>>> print(open('model.txt').read())   # compact mmCIF, C-alpha atoms
# COMPACT_ATOMS: atom_id res chain seq x y z
CA MET A 1 -76.73 -175.54 78.43
CA PRO A 2 -77.15 -172.36 80.49
CA PHE A 3 -73.99 -170.58 81.51
CA VAL A 4 -73.43 -169.10 84.93
CA THR A 5 -72.01 -165.86 86.25
CA ARG A 6 -71.77 -164.34 89.69
CA ILE A 7 -73.40 -160.98 90.44
CA GLY A 8 -72.45 -159.69 93.84
CA PHE A 9 -73.17 -162.57 96.19
CA GLN A 10 -75.76 -164.23 93.95
CA THR A 11 -75.18 -166.96 91.37
CA LEU A 12 -77.40 -166.53 88.32
CA ALA A 13 -78.15 -168.80 85.37
CA PHE A 14 -77.99 -167.22 81.92
CA VAL A 15 -80.73 -169.00 79.99
CA GLY A 16 -80.47 -169.54 76.26
CA ALA A 17 -78.30 -167.84 73.70
CA GLY A 18 -80.26 -164.66 73.22
CA ALA A 19 -80.83 -163.22 76.67
CA CYS A 20 -79.68 -163.45 80.26
CA VAL A 21 -81.74 -163.33 83.42
CA VAL A 22 -80.43 -160.61 85.71
CA LEU A 23 -81.35 -160.17 89.35
CA ILE A 24 -80.54 -157.37 91.75
CA ALA A 25 -76.81 -156.80 92.10
CA GLN A 26 -75.54 -155.47 95.41
CA GLY A 27 -71.87 -156.35 95.77
CA SER A 28 -69.67 -154.83 98.46
CA GLY A 29 -69.20 -151.36 96.95
CA TRP A 30 -71.53 -148.37 96.77
CA ARG A 31 -75.03 -148.62 98.16
CA ALA A 32 -77.66 -145.92 98.11
CA ASN A 33 -77.97 -143.91 101.30
CA PRO A 34 -81.39 -144.76 102.82
CA ALA A 35 -81.97 -141.09 103.65
CA VAL A 36 -81.36 -140.15 100.01
CA VAL A 37 -83.69 -142.94 98.87
CA GLU A 38 -86.45 -141.67 101.16
CA ARG A 39 -85.96 -138.04 100.17
CA THR A 40 -85.85 -138.81 96.44
CA ALA A 41 -88.90 -141.05 96.55
CA LYS A 42 -90.88 -138.39 98.39
CA ALA A 43 -89.87 -135.72 95.87
CA ARG A 44 -90.55 -137.80 92.75
CA GLY A 45 -93.68 -139.68 93.75
CA SER A 46 -94.96 -143.24 93.49
CA PHE A 47 -94.65 -143.41 89.70
CA PHE A 48 -90.90 -144.05 90.16
CA ASN A 49 -88.90 -146.68 92.01
CA PHE A 50 -85.85 -145.88 94.12
CA GLU A 51 -85.72 -149.06 96.20
CA GLU A 52 -83.23 -151.69 95.04
CA ALA A 53 -85.38 -154.40 96.58
CA ASN A 54 -88.21 -153.44 94.21
CA VAL A 55 -86.21 -153.98 91.02
CA SER A 56 -87.70 -157.09 89.43
CA PRO A 57 -85.59 -159.66 87.56
CA TYR A 58 -85.17 -158.73 83.89
CA GLU A 59 -83.62 -160.16 80.78
CA LEU A 60 -80.92 -158.39 78.82
CA PRO A 61 -80.40 -158.89 75.09
CA ASN A 62 -77.13 -160.66 74.46
CA ALA A 63 -74.59 -158.42 72.75
CA MET A 64 -72.57 -161.51 71.87
CA GLU A 65 -75.30 -163.24 69.89
CA GLY A 66 -76.43 -161.87 66.53
CA SER A 67 -78.17 -162.95 63.38
CA ALA A 68 -74.96 -164.65 62.23
CA GLY A 69 -74.61 -166.60 65.48
CA ALA A 70 -72.34 -166.32 68.50
CA VAL A 71 -69.62 -163.65 68.62
CA ARG A 72 -66.31 -165.34 69.41
CA THR A 73 -63.74 -163.20 67.61
CA ARG A 74 -63.05 -159.56 66.85
CA ASN A 75 -64.05 -160.19 63.27
CA ASP A 76 -67.36 -161.62 64.46
CA TRP A 77 -67.89 -158.46 66.49
CA LYS A 78 -67.45 -156.24 63.43
CA GLY A 79 -70.56 -157.77 61.89
CA ARG A 80 -72.47 -157.80 65.16
CA ARG A 81 -71.43 -154.20 65.85
CA ALA A 82 -72.96 -153.03 62.59
CA GLU A 83 -76.13 -154.92 63.47
CA VAL A 84 -76.36 -153.42 66.98
CA LEU A 85 -75.64 -149.93 65.70
CA ASP A 86 -78.44 -150.28 63.17
CA LEU A 87 -80.86 -151.45 65.87
CA PHE A 88 -80.14 -148.33 67.92
CA ARG A 89 -80.61 -146.16 64.83
CA GLU A 90 -83.91 -147.79 63.99
CA HIS A 91 -85.47 -148.05 67.45
CA VAL A 92 -83.83 -145.49 69.77
CA TYR A 93 -81.90 -142.51 68.41
CA GLY A 94 -82.91 -142.35 64.77
CA ARG A 95 -80.92 -142.25 61.57
CA SER A 96 -78.58 -139.29 61.20
CA PRO A 97 -77.72 -137.97 57.73
CA GLY A 98 -73.94 -137.67 58.16
CA LYS A 99 -71.89 -134.86 56.64
CA PRO A 100 -73.61 -132.09 54.70
CA GLU A 101 -72.91 -131.49 51.02
CA LYS A 102 -70.56 -128.68 51.95
CA LEU A 103 -68.75 -128.06 55.24
CA ARG A 104 -66.46 -125.16 55.99
CA PHE A 105 -64.91 -123.48 59.01
CA GLN A 106 -64.41 -119.83 59.83
CA VAL A 107 -62.19 -118.64 62.68
CA LEU A 108 -64.16 -115.89 64.40
CA GLU A 109 -61.62 -115.08 67.08
CA GLU A 110 -58.16 -116.26 68.05
CA SER A 111 -55.99 -114.99 70.89
CA LYS A 112 -52.80 -116.50 72.28
CA SER A 113 -52.97 -114.37 75.43
CA ALA A 114 -55.99 -115.99 77.10
CA MET A 115 -55.72 -116.92 80.78
CA ASP A 116 -52.77 -114.55 81.26
CA GLY A 117 -50.91 -116.20 78.41
CA ALA A 118 -51.48 -119.80 79.48
CA ALA A 119 -53.89 -120.59 76.67
CA THR A 120 -54.93 -119.83 73.13
CA LEU A 121 -58.60 -118.95 72.76
CA LYS A 122 -60.38 -119.93 69.57
CA ARG A 123 -63.94 -119.41 68.41
CA VAL A 124 -64.76 -121.22 65.18
CA ALA A 125 -67.95 -121.09 63.15
CA ILE A 126 -68.92 -124.47 61.68
CA LEU A 127 -70.94 -123.79 58.54
CA SER A 128 -72.92 -126.46 56.70
CA THR A 129 -74.71 -126.24 53.37
CA GLN A 130 -77.29 -128.76 52.17
CA GLY A 131 -79.80 -128.42 49.35
CA GLY A 132 -79.32 -124.65 49.26
CA ARG A 133 -79.95 -124.34 53.01
CA GLU A 134 -77.34 -123.24 55.52
CA HIS A 135 -76.71 -123.90 59.20
CA LYS A 136 -74.10 -122.47 61.56
CA PHE A 137 -72.99 -123.18 65.10
CA GLU A 138 -69.99 -122.08 67.09
CA LEU A 139 -67.18 -124.17 68.54
CA ARG A 140 -65.47 -122.63 71.56
CA MET A 141 -62.05 -123.84 72.66
CA PHE A 142 -58.92 -123.21 74.70
CA LEU A 143 -55.58 -124.86 73.92
CA PRO A 144 -52.56 -124.89 76.29
CA ASN A 145 -49.68 -122.71 75.14
CA ALA A 146 -47.18 -124.78 77.15
CA ALA A 147 -47.74 -127.81 74.91
CA SER A 148 -45.02 -128.41 72.31
CA GLY A 149 -47.20 -130.32 69.87
CA PRO A 150 -50.79 -131.28 69.10
CA VAL A 151 -52.82 -131.84 72.26
CA PRO A 152 -55.71 -134.11 73.20
CA VAL A 153 -58.99 -132.24 73.61
CA PHE A 154 -62.08 -132.73 75.76
CA LEU A 155 -65.17 -131.71 73.79
CA VAL A 156 -68.34 -131.01 75.76
CA THR A 157 -71.88 -131.31 74.46
CA GLY A 158 -73.01 -128.07 76.13
CA HIS A 159 -76.70 -128.43 76.91
CA ARG A 160 -76.48 -125.86 79.73
CA GLY A 161 -76.50 -122.10 79.29
CA ALA A 162 -73.76 -120.10 77.58
CA GLY A 163 -72.58 -118.73 80.94
CA ASN A 164 -71.05 -122.11 81.70
CA PHE A 165 -68.78 -121.70 78.67
CA ASP A 166 -67.78 -118.06 79.03
CA MET A 167 -64.81 -117.35 76.79
CA THR A 168 -63.96 -114.11 78.58
CA ARG A 169 -63.53 -116.12 81.81
CA LYS A 170 -65.29 -113.41 83.75
CA GLN A 171 -67.80 -116.10 84.64
CA LYS A 172 -66.29 -119.45 85.62
CA SER A 173 -68.14 -122.68 86.14
CA GLY A 174 -67.06 -126.00 87.58
CA PHE A 175 -69.13 -127.55 84.79
CA TRP A 176 -66.42 -126.48 82.29
CA PRO A 177 -63.29 -125.72 84.37
CA ALA A 178 -61.13 -124.51 81.51
CA GLU A 179 -58.28 -123.24 83.67
CA GLU A 180 -57.85 -126.59 85.42
CA VAL A 181 -57.86 -128.48 82.12
CA ILE A 182 -55.31 -126.13 80.58
CA ALA A 183 -53.11 -126.54 83.66
CA ARG A 184 -53.03 -130.27 82.97
CA ASN A 185 -51.92 -129.56 79.37
CA TYR A 186 -55.14 -130.67 77.70
CA GLY A 187 -57.37 -128.68 75.41
CA ILE A 188 -61.01 -128.07 76.24
CA ALA A 189 -63.83 -127.22 73.85
CA ALA A 190 -67.60 -126.99 73.77
CA PHE A 191 -70.50 -126.19 71.51
CA LEU A 192 -73.91 -125.00 72.64
CA ALA A 193 -76.32 -127.82 71.94
CA SER A 194 -79.15 -125.33 71.44
CA GLU A 195 -77.35 -123.92 68.40
CA VAL A 196 -77.45 -127.37 66.80
CA ALA A 197 -80.99 -128.34 67.80
CA PRO A 198 -83.23 -126.51 70.29
CA ASP A 199 -84.10 -128.58 73.35
CA ASP A 200 -87.79 -127.88 72.79
CA LYS A 201 -90.48 -130.30 71.64
CA GLU A 202 -92.04 -127.60 69.44
CA ARG A 203 -88.83 -126.25 67.89
CA PHE A 204 -86.34 -129.14 67.88
CA ARG A 205 -86.57 -129.46 64.10
CA GLU A 206 -85.00 -126.06 63.67
CA GLY A 207 -81.23 -125.97 63.24
CA ALA A 208 -79.39 -129.03 61.97
CA ILE A 209 -82.54 -131.08 61.35
CA ALA A 210 -84.03 -128.33 59.18
CA LEU A 211 -80.72 -128.17 57.30
CA PHE A 212 -81.52 -131.59 55.88
CA GLU A 213 -85.33 -131.65 56.03
CA GLY A 214 -86.21 -128.05 55.32
CA ALA A 215 -88.91 -126.21 57.18
CA SER A 216 -91.46 -129.02 56.95
CA THR A 217 -93.71 -129.44 59.98
CA GLY A 218 -95.47 -132.58 58.77
CA GLY A 219 -95.10 -136.15 59.94
CA ARG A 220 -91.75 -137.87 60.04
CA PRO A 221 -90.70 -141.54 59.79
CA GLY A 222 -90.49 -143.39 63.08
CA ASN A 223 -86.73 -143.74 62.66
CA ALA A 224 -86.09 -140.05 61.94
CA TRP A 225 -83.32 -138.46 63.98
CA ALA A 226 -84.21 -136.12 66.81
CA THR A 227 -82.50 -133.86 69.33
CA LEU A 228 -79.96 -136.24 70.87
CA ALA A 229 -78.84 -137.49 67.48
CA ALA A 230 -78.57 -133.90 66.22
CA TRP A 231 -76.33 -133.01 69.14
CA ALA A 232 -74.19 -136.05 68.37
CA TRP A 233 -74.05 -134.83 64.75
CA GLY A 234 -72.74 -131.49 66.04
CA ALA A 235 -70.02 -133.29 67.96
CA SER A 236 -68.91 -135.06 64.79
CA ARG A 237 -68.81 -131.81 62.84
CA SER A 238 -66.66 -130.35 65.64
CA LEU A 239 -64.32 -133.30 65.21
CA ASP A 240 -64.23 -132.56 61.47
CA TYR A 241 -62.82 -129.16 62.42
CA PHE A 242 -60.29 -130.63 64.85
CA GLU A 243 -58.88 -132.69 62.00
CA THR A 244 -57.93 -129.42 60.27
CA ASP A 245 -56.30 -127.76 63.30
CA SER A 246 -52.59 -128.52 63.68
CA ARG A 247 -52.73 -127.66 67.38
CA VAL A 248 -55.20 -130.49 68.06
CA ASP A 249 -54.44 -134.21 68.17
CA ALA A 250 -57.65 -135.29 66.44
CA LYS A 251 -56.94 -138.95 67.19
CA ARG A 252 -57.18 -138.22 70.92
CA VAL A 253 -60.46 -136.37 71.30
CA ALA A 254 -62.80 -137.20 74.17
CA ILE A 255 -66.51 -136.49 73.83
CA VAL A 256 -67.99 -135.49 77.20
CA GLY A 257 -71.61 -135.05 78.21
CA HIS A 258 -73.65 -134.58 81.37
CA SER A 259 -77.26 -135.72 81.82
CA ARG A 260 -79.05 -135.37 78.45
CA GLY A 261 -75.73 -134.21 77.05
CA GLY A 262 -74.26 -137.50 78.29
CA LYS A 263 -76.87 -139.44 76.34
CA ALA A 264 -75.83 -137.53 73.22
CA ALA A 265 -72.12 -138.00 73.96
CA LEU A 266 -72.51 -141.78 74.17
CA TRP A 267 -74.42 -141.84 70.90
CA ALA A 268 -71.75 -139.65 69.28
CA GLY A 269 -69.07 -142.08 70.44
CA ALA A 270 -71.06 -145.04 69.13
CA GLU A 271 -71.74 -143.54 65.71
CA ASP A 272 -68.39 -141.87 65.13
CA GLU A 273 -65.44 -144.17 65.72
CA ARG A 274 -63.01 -141.28 65.43
CA PHE A 275 -63.73 -140.34 69.06
CA ALA A 276 -61.00 -141.95 71.14
CA LEU A 277 -62.86 -141.65 74.45
CA ALA A 278 -66.51 -141.22 75.41
CA ILE A 279 -67.40 -139.87 78.85
CA SER A 280 -70.90 -140.16 80.26
CA ASN A 281 -71.70 -138.15 83.39
CA ASN A 282 -75.03 -138.89 85.14
CA SER A 283 -76.63 -139.76 81.78
CA GLY A 284 -79.29 -142.13 83.17
CA GLU A 285 -82.15 -143.52 81.07
CA GLY A 286 -81.37 -143.55 77.37
CA GLY A 287 -77.73 -142.95 78.30
CA ALA A 288 -75.59 -145.32 80.36
CA ALA A 289 -78.29 -146.81 82.64
CA LEU A 290 -79.93 -150.12 81.80
CA GLY A 291 -83.42 -149.41 80.54
CA ARG A 292 -84.88 -152.71 81.74
CA ARG A 293 -84.04 -151.85 85.35
CA TYR A 294 -87.08 -149.90 86.47
CA PHE A 295 -85.21 -147.57 88.79
CA GLY A 296 -85.44 -143.79 88.70
CA GLU A 297 -86.01 -142.21 85.31
CA HIS A 298 -87.69 -144.59 82.87
CA LEU A 299 -88.71 -144.82 79.23
CA GLU A 300 -92.39 -143.99 79.71
CA TRP A 301 -91.68 -140.78 81.61
CA ILE A 302 -88.82 -139.61 79.41
CA ASN A 303 -90.81 -139.96 76.20
CA GLU A 304 -93.81 -138.19 77.70
CA ARG A 305 -91.76 -135.30 79.07
CA PHE A 306 -89.15 -135.07 76.29
CA PRO A 307 -90.71 -136.59 73.17
CA HIS A 308 -88.21 -134.73 70.99
CA TRP A 309 -85.10 -136.45 72.32
CA PHE A 310 -85.46 -139.87 70.70
CA ALA A 311 -86.76 -141.32 67.47
CA GLY A 312 -90.52 -141.81 67.30
CA ASN A 313 -90.08 -145.60 67.27
CA TYR A 314 -88.69 -145.48 70.81
CA LYS A 315 -92.07 -144.38 72.14
CA GLY A 316 -93.59 -147.64 70.91
CA PHE A 317 -91.74 -149.54 73.64
CA ALA A 318 -93.54 -147.79 76.49
CA GLY A 319 -94.82 -150.51 78.82
CA ARG A 320 -93.01 -153.17 76.78
CA ILE A 321 -89.32 -152.36 77.05
CA ASP A 322 -88.62 -156.09 77.27
CA LYS A 323 -89.41 -156.16 73.53
CA LEU A 324 -86.75 -153.58 72.68
CA PRO A 325 -83.99 -155.52 70.88
CA VAL A 326 -81.23 -153.55 72.59
CA ASP A 327 -80.34 -152.18 76.00
CA GLN A 328 -77.73 -149.67 77.05
CA HIS A 329 -74.92 -152.14 77.78
CA MET A 330 -74.95 -152.70 74.03
CA LEU A 331 -74.58 -148.97 73.44
CA LEU A 332 -71.49 -148.94 75.68
CA ALA A 333 -70.15 -152.01 73.90
CA LEU A 334 -70.21 -150.05 70.63
CA MET A 335 -67.26 -148.02 71.99
CA ALA A 336 -64.99 -151.09 72.09
CA PRO A 337 -62.06 -151.19 71.84
CA ARG A 338 -61.92 -147.44 72.38
CA ALA A 339 -61.89 -145.86 75.83
CA LEU A 340 -64.99 -145.32 77.93
CA TYR A 341 -65.64 -143.59 81.27
CA VAL A 342 -69.03 -143.80 83.00
CA THR A 343 -69.74 -141.71 86.09
CA SER A 344 -72.56 -141.46 88.60
CA ALA A 345 -73.34 -139.44 91.71
CA ASP A 346 -74.34 -140.69 95.15
CA GLU A 347 -77.43 -138.50 95.45
CA ASP A 348 -78.49 -138.75 91.81
CA LEU A 349 -80.72 -141.80 92.13
CA TRP A 350 -82.81 -140.45 89.26
CA ALA A 351 -79.98 -141.49 86.90
CA ASP A 352 -79.68 -144.94 88.55
CA PRO A 353 -75.99 -145.19 89.51
CA ARG A 354 -76.11 -148.97 89.85
CA GLY A 355 -77.82 -149.31 86.49
CA GLU A 356 -75.10 -147.15 84.90
CA PHE A 357 -72.39 -149.34 86.40
CA LEU A 358 -74.14 -152.56 85.39
CA SER A 359 -74.24 -151.38 81.78
CA LEU A 360 -70.48 -150.99 81.87
CA ALA A 361 -70.07 -154.43 83.43
CA HIS A 362 -72.34 -156.12 80.89
CA ALA A 363 -70.39 -154.52 78.03
CA SER A 364 -67.30 -156.39 79.25
CA PRO A 365 -67.57 -159.48 77.00
CA VAL A 366 -67.05 -157.26 73.96
CA TYR A 367 -64.06 -155.51 75.54
CA GLN A 368 -62.68 -158.92 76.48
CA LEU A 369 -62.36 -159.70 72.77
CA TYR A 370 -59.71 -156.97 72.69
CA GLY A 371 -57.74 -158.28 75.68
CA GLU A 372 -59.46 -156.19 78.34
CA ALA A 373 -60.30 -157.65 81.74
CA MET A 374 -63.89 -158.41 82.70
CA ILE A 375 -65.67 -155.98 84.99
CA GLN A 376 -68.06 -158.08 87.04
CA PRO A 377 -71.49 -156.76 88.09
CA GLY A 378 -70.43 -157.12 91.73
CA ASP A 379 -67.35 -154.91 91.22
CA MET A 380 -69.09 -151.57 91.71
CA PRO A 381 -66.61 -149.43 93.68
CA ALA A 382 -67.25 -147.49 96.85
CA ILE A 383 -68.08 -143.80 96.73
CA ASP A 384 -65.22 -141.55 95.54
CA ARG A 385 -63.04 -144.58 94.69
CA PRO A 386 -62.69 -144.67 90.90
CA LEU A 387 -62.38 -148.03 89.20
CA ILE A 388 -60.00 -148.18 86.23
CA ALA A 389 -59.90 -151.37 84.19
CA GLY A 390 -57.67 -150.84 81.18
CA ARG A 391 -59.56 -148.64 78.74
CA ARG A 392 -62.69 -148.39 80.90
CA ALA A 393 -63.34 -146.46 84.07
CA TYR A 394 -66.17 -145.74 86.47
CA HIS A 395 -66.81 -143.71 89.60
CA VAL A 396 -69.71 -142.72 91.79
CA ARG A 397 -68.88 -139.50 93.59
CA THR A 398 -70.23 -137.59 96.52
CA GLY A 399 -73.00 -135.12 95.63
CA GLY A 400 -75.86 -134.77 93.20
CA HIS A 401 -76.74 -134.29 89.55
CA ASP A 402 -73.94 -132.12 88.17
CA LEU A 403 -70.62 -132.13 86.32
CA THR A 404 -68.01 -131.07 88.87
CA PRO A 405 -64.28 -130.32 89.16
CA TYR A 406 -63.90 -133.69 90.91
CA ASP A 407 -65.28 -135.40 87.81
CA TRP A 408 -62.97 -133.42 85.56
CA GLN A 409 -59.87 -134.29 87.58
CA ARG A 410 -60.74 -137.97 87.32
CA PHE A 411 -61.32 -137.65 83.57
CA MET A 412 -57.86 -136.16 83.18
CA ASP A 413 -56.31 -138.80 85.46
CA PHE A 414 -57.82 -141.45 83.19
CA ALA A 415 -56.63 -139.66 80.06
CA ASP A 416 -53.13 -139.61 81.56
CA THR A 417 -53.21 -143.42 81.78
CA LEU A 418 -54.40 -143.68 78.18
CA TRP A 419 -52.27 -141.09 76.46
CA ARG A 420 -49.33 -140.30 78.72
CA GLY A 421 -48.44 -143.64 80.20
CA ALA A 422 -49.18 -142.52 83.74
CA ALA A 423 -50.16 -144.97 86.44
CA PRO A 424 -53.63 -144.50 87.91
CA ARG A 425 -53.65 -141.96 90.74
CA LYS A 426 -54.51 -143.24 94.20
>>> encode(input="model.txt", output="structure tokens")
Amino acid sequence: MPFVTRIGFQTLAFVGAGACVVLIAQGSGWRANPAVVERTAKARGSFFNFEEANVSPYELPNAMEGSAGAVRTRNDWKGRRAEVLDLFREHVYGRSPGKPEKLRFQVLEESKSAMDGAATLKRVAILSTQGGREHKFELRMFLPNAASGPVPVFLVTGHRGAGNFDMTRKQKSGFWPAEEVIARNYGIAAFLASEVAPDDKERFREGAIALFEGASTGGRPGNAWATLAAWAWGASRSLDYFETDSRVDAKRVAIVGHSRGGKAALWAGAEDERFALAISNNSGEGGAALGRRYFGEHLEWINERFPHWFAGNYKGFAGRIDKLPVDQHMLLALMAPRALYVTSADEDLWADPRGEFLSLAHASPVYQLYGEAMIQPGDMPAIDRPLIAGRRAYHVRTGGHDLTPYDWQRFMDFADTLWRGAAPRK
């Protein structure tokens, strides 16, 4: 018997146990501005689709059906979760090596007088040793001096330039608004992704990958880890440090990423269950957006332009993404029952805002196992009206492809509901 759900104003039949047929979801919330659609389509060219009406029906793999049968309980999900995680490792992000043989931390700088005494500045070198090779990257952080105990921390996968994370605060960026976060009594940290793995198709094997593989330039297995997985590895090593710092509540660390950094942040949250909250900002294809929705950025383009981001096996699904055994709603489901915030931007059609929201909605059956309410595909909120559903949240904000102070304020509002018992702000 097929089972039925309602997407927006359309009733759809879910056929069979393994996949569901999904049509275009409109709902009564956000809709793309026609002027933005026209402008984006003209800028990007005919190789990409930005018209909702041109999204063909597609089938999503069923997160709730695995090799052992239907998932009906939390215990069932544990087995299915391991299976889904392994599918992503094998076909999408690659297999990361985990902790190095030796890991140590060195405080490079510490000052309790940062921000006119409001914060403690810390710069920490994270040093790894493996097979006689060494690797180092730097963790930058500010912690609020007004806090009486360990504080939650927002950790950013910093794929943008170092100027966005200026520790002197001579240069300030809305991408990493440290003063505003400190004022809300949260810690904020970042590492430069380039120090973990260069975002370069010729050099990406330098850094953390070379730590484990050496300087080899030969062929690699199709499931070998690549740039995004290396950045996620760096996030986990940063969390290893947080567990040693008495000023940090390591059980309340949020991993945050924008764009390609958002793809890495979601993978970090999936692989490392110590992260209490994963935040994806405009992460698009290979991040929060459903891959089977041909809208904006898509698998063929991303693997041609950035072949170093994903495992080699991912490239084999070009032109046949319907054969990929996972889609991104299953990545989001790997966060359950932990907290998850997905964000989009009104003018960032490249990242497919609706596809990002639909991933969150289609992850709902897993969250429902843990007592969370369903988010229906037709529940996409209006612009600048965040949706909070228990331990999940979503917004689509005014503006384009960026991480902004508006986003940060909403992240902290959500964290307040999770960790401080605050009601959602209106």
>>> axis_aligned_box(input="model.txt", around="stretch 30-37 of chain A", padding_each_side="4 Å", output="lines of an AutoDock Vina configuration file")
center_x = -77.6
center_y = -144.4
center_z = 100.2
size_x = 20.2
size_y = 16.5
size_z = 14.9
>>> atom_distance(input="model.txt", atom1="atom CA of A:Phe310", atom2="atom CA of A:Gly286")
8.6 Å
>>> residues_around(input="model.txt", residues="A:Lys201", least_positions_apart="5", cutoff="9 Å", atoms="all atoms listed in the file", output="list in words")
Phe306, Pro307, His308 and Trp309 of chain A
>>> closest_atom_pairs(input="model.txt", of="stretch 327-366 of chain A", to="stretch 383-396 of chain A", cutoff="9 Å", atoms="all atoms listed in the file", output="tab-separated table")
residue	atom	partner	partner_atom	distance
A:Ala336	CA	A:Arg391	CA	8.9
A:Pro337	CA	A:Arg391	CA	7.8
A:Arg338	CA	A:Arg391	CA	6.9
A:Ala339	CA	A:Arg391	CA	4.7
A:Leu340	CA	A:Arg392	CA	4.9
A:Tyr341	CA	A:Ala393	CA	4.6
A:Val342	CA	A:Tyr394	CA	4.9
A:Thr343	CA	A:His395	CA	5.0
A:Ser344	CA	A:Val396	CA	4.5
A:Ala345	CA	A:Val396	CA	4.9
A:Asp346	CA	A:Val396	CA	6.1
A:Pro353	CA	A:Val396	CA	7.1
A:Phe357	CA	A:Tyr394	CA	7.2
A:Leu360	CA	A:Tyr394	CA	8.2
>>> residues_near_point(input="model.txt", point="(-67.6, -133.6, 66.9)", cutoff="10 Å", atoms="only C-alpha atoms", output="PyMOL selection string")
chain A and resi 139+155-157+190-191+231-242+253-255+265+268-269+272+274-275
>>> closest_residue(input="model.txt", among="A:Phe50, A:Ile126, A:Phe142, A:Glu304", to="A:Pro177", atoms="all atoms listed in the file")
A:Phe142
>>> atom_distance(input="model.txt", atom1="atom CA of A:Phe47", atom2="atom CA of A:Phe295")
10.4 Å
>>> atom_distance(input="model.txt", atom1="atom CA of A:Pro61", atom2="atom CA of A:Arg305")
26.5 Å
>>> closest_residue(input="model.txt", among="A:Val151, A:Thr168, A:Val92, A:Glu202", to="A:Leu324", atoms="all atoms listed in the file")
A:Val92
>>> closest_residue(input="model.txt", among="A:Glu51, A:Glu134, A:Glu273, A:Glu297", to="A:Gly214", atoms="only C-alpha atoms")
A:Glu134
>>> residues_around(input="model.txt", residues="A:Leu369", least_positions_apart="5", cutoff="9 Å", atoms="only C-alpha atoms", output="PyMOL selection string")
chain A and resi 72-74+77+337+364
>>> write_last_selection(input="model.txt", atoms="C-alpha atoms", output="short mmCIF file (atom, residue, chain, number, x, y, z; two decimals), in the coordinates of the input")
data_model
loop_
_atom_site.label_atom_id
_atom_site.label_comp_id
_atom_site.auth_asym_id
_atom_site.auth_seq_id
_atom_site.Cartn_x
_atom_site.Cartn_y
_atom_site.Cartn_z
CA ARG A 72 -66.31 -165.34 69.41
CA THR A 73 -63.74 -163.20 67.61
CA ARG A 74 -63.05 -159.56 66.85
CA TRP A 77 -67.89 -158.46 66.49
CA PRO A 337 -62.06 -151.19 71.84
CA SER A 364 -67.30 -156.39 79.25
#
>>> closest_residue(input="model.txt", among="A:Lys172, A:Arg354, A:Arg260, A:Lys323", to="A:Met115", atoms="all atoms listed in the file")
A:Lys172
>>> closest_residue(input="model.txt", among="A:Gly319, A:Gly287, A:Gly79, A:Pro57", to="A:Glu300", atoms="all atoms listed in the file")
A:Gly319
>>> residues_near_point(input="model.txt", point="(-68.2, -151.9, 93.6)", cutoff="6 Å", atoms="only C-alpha atoms", output="MDAnalysis selection string")
chainID A and resid 28:30 378:382
>>> write_last_selection(input="model.txt", atoms="C-alpha atoms", output="compact mmCIF listing (two decimals), keeping the file's coordinate frame")
# COMPACT_ATOMS: atom_id res chain seq x y z
CA SER A 28 -69.67 -154.83 98.46
CA GLY A 29 -69.20 -151.36 96.95
CA TRP A 30 -71.53 -148.37 96.77
CA GLY A 378 -70.43 -157.12 91.73
CA ASP A 379 -67.35 -154.91 91.22
CA MET A 380 -69.09 -151.57 91.71
CA PRO A 381 -66.61 -149.43 93.68
CA ALA A 382 -67.25 -147.49 96.85
>>> residues_around(input="model.txt", residues="A:Ala361", least_positions_apart="3", cutoff="6 Å", atoms="all atoms listed in the file", output="number ranges by chain")
A: 358, 364, 375-377
>>> closest_residue(input="model.txt", among="A:Gly296, A:Pro405, A:Gly149, A:Gly421", to="A:Gly174", atoms="all atoms listed in the file")
A:Pro405
>>> residues_around(input="model.txt", residues="A:Leu349", least_positions_apart="3", cutoff="12 Å", atoms="all atoms listed in the file", output="JSON, numbers by chain")
{"A": [31, 32, 33, 34, 35, 36, 37, 38, 39, 40, 41, 43, 44, 48, 49, 50, 51, 52, 282, 283, 284, 285, 289, 294, 295, 296, 297, 298, 344, 345, 346, 352, 353, 354, 355, 356, 396, 399, 400, 401]}
>>> residues_around(input="model.txt", residues="A:Ala363", least_positions_apart="6", cutoff="7 Å", atoms="only C-alpha atoms", output="PyMOL selection string")
chain A and resi 329-330+332-333
